Amino acid sequence: MNIESLVMNNRSYRGFDESTPITREIMTDLVDLARRTASGMNKQPLRYRILSDKQDIEKMVANARFGTALKDVKLPPENGKPTGFILIFTDKEAGSPATLALKDVGIAAQTILLAATERGFGGCMLGSFNPETLMADFGIDGRYEPQLAIALGTPAERVLLTDEHNGSLTYYRDAAGNHCVPKRRLEEILI
Ligand SMILES: Cc1cc2nc3c(=O)[nH]c(=O)nc-3n(C[C@H](O)[C@H](O)[C@H](O)COP(=O)(O)O)c2cc1C
């Protein structure tokens with residue numbers, strides 16, 4: 001896939017085909033790639049926890065909030081859960097100013113998802129979760145601060161990009177059940 005196809009196919013997926021799981025080995029490769037991306041002052045403050053065990057995945061699914069703008073849709077679906085997670089932390093002792101470290105998180109997360117897309121997988125960045133629960137669930141040392149969870153698996157949803165919908169940027173499901181994501185027009189974002 002060229003970069004345009006990768007970016008277009010790299011949507012936020014919240015429903016997965018559990019019969020084709022992403023493996024711990026693949027997720028490790030994705031982190032290994034993210035390890036080599038740009039980092040402010042090259043402080044490399046990011047740390048990762050890979051979840052592939054079913055019980056761990058259940059815990060993270062219970063903690064995270066998927067697609068909260070969709071009030072009538074249960075996400076992830078009962079039999080369509082992610083088959084892995086990559087949790088991204090910042091190491092408070094790495095000497096990276098918070099403003100820079102958070103930019104590193106975005107770069108790493110996008111890299112992970114683009115690489116997952118290239119391998120036929122997909123997922124969703126999740127910033128909405130209870131951090132204390134996450135720390136306790138996975139026995140994380142207090143020097144690390146959870147920043148983002150990435151749910152991963154084989155996407156089982158159709159996501160369409162649309163223009164603004166009734167003046168709103170809120171994502172929605174159309175009559176056919178497609179997940180629709182309004183994006184601002186190019187003219188609007190060039191200032
Ligand atoms: C930093 C960040 C945090 C996000 N947190 C959540 C989240 O907690 N739950 C969720 O369902 N989606 C989350 N998303 C996904 C966004 O809702 C999604 O990117 C947006 O609706 C646009 O859809 P698209 O990624 O397919 O373009 C997050 C995305 C980003 C970049």
# chains A, B, ... in the order shown; residues from 1 in each chain; ligands from 1
call {"tool": "residues_near_ligand", "arguments": {"ligand": "ligand 1", "cutoff": "7 Å", "atoms": "only C-alpha atoms and all ligand atoms", "output": "list in words"}}
result
Asn10, Arg11, Ser12, Tyr13, Arg14, Ala64, Arg65, Phe66, Gly67, Thr68, Cys124, Met125, Leu126, Gly127, Ser128, Phe129, Val159, Tyr171 and Val181 of chain A
call {"tool": "write_last_selection", "arguments": {"atoms": "C-alpha atoms", "output": "compact mmCIF listing (two decimals), in the first residue's frame"}}
result
# COMPACT_ATOMS: atom_id res chain seq x y z
CA ASN A 10 -6.10 3.72 8.75
CA ARG A 11 -9.43 4.62 10.34
CA SER A 12 -10.51 4.21 13.95
CA TYR A 13 -12.01 0.71 14.11
CA ARG A 14 -13.95 -0.36 17.19
CA ALA A 64 -11.68 1.97 27.97
CA ARG A 65 -14.52 3.94 26.44
CA PHE A 66 -15.12 3.12 22.81
CA GLY A 67 -17.13 5.40 20.52
CA THR A 68 -18.96 7.24 23.26
CA CYS A 124 -8.30 2.66 17.54
CA MET A 125 -6.40 5.10 19.70
CA LEU A 126 -8.06 5.36 23.10
CA GLY A 127 -7.37 8.28 25.37
CA SER A 128 -10.45 7.72 27.47
CA PHE A 129 -9.82 5.23 30.27
CA VAL A 159 -15.70 3.35 7.98
CA TYR A 171 -19.12 10.62 13.86
CA VAL A 181 -16.54 10.29 10.05
call {"tool": "select_by_dssp", "arguments": {"residues": "segment 6-95 of chain A", "states": "strand (DSSP E or B)", "output": "PyMOL selection string"}}
result
chain A and resi 12+16+46-51+84-91
call {"tool": "write_last_selection", "arguments": {"atoms": "N, CA and C atoms", "output": "compact mmCIF listing (two decimals), in the first residue's frame"}}
result
# COMPACT_ATOMS: atom_id res chain seq x y z
N SER A 12 -10.32 4.72 12.59
CA SER A 12 -10.51 4.21 13.95
C SER A 12 -11.56 3.10 13.90
N PHE A 16 -14.11 -5.85 15.72
CA PHE A 16 -13.04 -6.68 15.14
C PHE A 16 -13.50 -8.10 14.86
N LEU A 46 9.06 7.24 25.79
CA LEU A 46 7.91 6.33 25.72
C LEU A 46 8.25 4.90 26.15
N ARG A 47 7.31 4.30 26.86
CA ARG A 47 7.42 2.89 27.26
C ARG A 47 6.11 2.22 26.86
N TYR A 48 6.15 0.92 26.66
CA TYR A 48 5.00 0.22 26.11
C TYR A 48 4.68 -1.04 26.91
N ARG A 49 3.41 -1.38 26.96
CA ARG A 49 2.99 -2.68 27.47
C ARG A 49 2.10 -3.30 26.39
N ILE A 50 2.44 -4.51 26.01
CA ILE A 50 1.66 -5.23 25.00
C ILE A 50 0.70 -6.18 25.71
N LEU A 51 -0.56 -6.13 25.35
CA LEU A 51 -1.55 -7.05 25.92
C LEU A 51 -2.02 -8.01 24.83
N GLY A 84 -5.76 -7.47 20.72
CA GLY A 84 -4.53 -7.01 21.35
C GLY A 84 -4.63 -5.53 21.69
N PHE A 85 -3.75 -5.12 22.58
CA PHE A 85 -3.62 -3.70 22.89
C PHE A 85 -2.14 -3.37 22.99
N ILE A 86 -1.80 -2.17 22.59
CA ILE A 86 -0.49 -1.61 22.92
C ILE A 86 -0.76 -0.38 23.78
N LEU A 87 -0.27 -0.41 25.00
CA LEU A 87 -0.43 0.73 25.91
C LEU A 87 0.84 1.57 25.85
N ILE A 88 0.65 2.88 25.74
CA ILE A 88 1.81 3.79 25.66
C ILE A 88 1.88 4.62 26.93
N PHE A 89 3.05 4.61 27.52
CA PHE A 89 3.32 5.35 28.76
C PHE A 89 4.43 6.35 28.49
N THR A 90 4.47 7.42 29.32
CA THR A 90 5.66 8.26 29.37
C THR A 90 6.40 7.95 30.66
N ASP A 91 7.70 7.91 30.56
CA ASP A 91 8.56 7.68 31.73
C ASP A 91 8.90 9.04 32.33
call {"tool": "closest_residue", "arguments": {"among": "A:Lys183, A:Arg158, A:Lys54, A:Arg173", "to": "Asn9 of chain A", "atoms": "only C-alpha atoms"}}
result
A:Arg158
call {"tool": "residues_around", "arguments": {"residues": "Gly40 of chain A", "least_positions_apart": "6", "cutoff": "9 Å", "atoms": "only C-alpha atoms", "output": "JSON list (two decimals) with N, CA and C atoms, in the first residue's frame"}}
result
[["chain", "number", "residue", "atom", "x", "y", "z"],
["A", 96, "SER", "N", 12.09, 14.25, 29.47],
["A", 96, "SER", "CA", 11.42, 14.90, 28.34],
["A", 96, "SER", "C", 10.34, 15.83, 28.87],
["A", 97, "PRO", "N", 10.36, 17.13, 28.50],
["A", 97, "PRO", "CA", 9.28, 18.03, 28.93],
["A", 97, "PRO", "C", 7.94, 17.47, 28.44],
["A", 100, "LEU", "N", 6.67, 18.02, 24.94],
["A", 100, "LEU", "CA", 7.36, 17.26, 23.89],
["A", 100, "LEU", "C", 6.98, 15.78, 23.95],
["A", 101, "ALA", "N", 6.90, 15.24, 25.15],
["A", 101, "ALA", "CA", 6.62, 13.81, 25.32],
["A", 101, "ALA", "C", 5.27, 13.45, 24.70],
["A", 103, "LYS", "N", 3.81, 14.88, 22.22],
["A", 103, "LYS", "CA", 3.93, 14.86, 20.75],
["A", 103, "LYS", "C", 4.54, 13.54, 20.31],
["A", 104, "ASP", "N", 5.52, 13.07, 21.09],
["A", 104, "ASP", "CA", 6.11, 11.76, 20.79],
["A", 104, "ASP", "C", 5.05, 10.66, 20.80]]
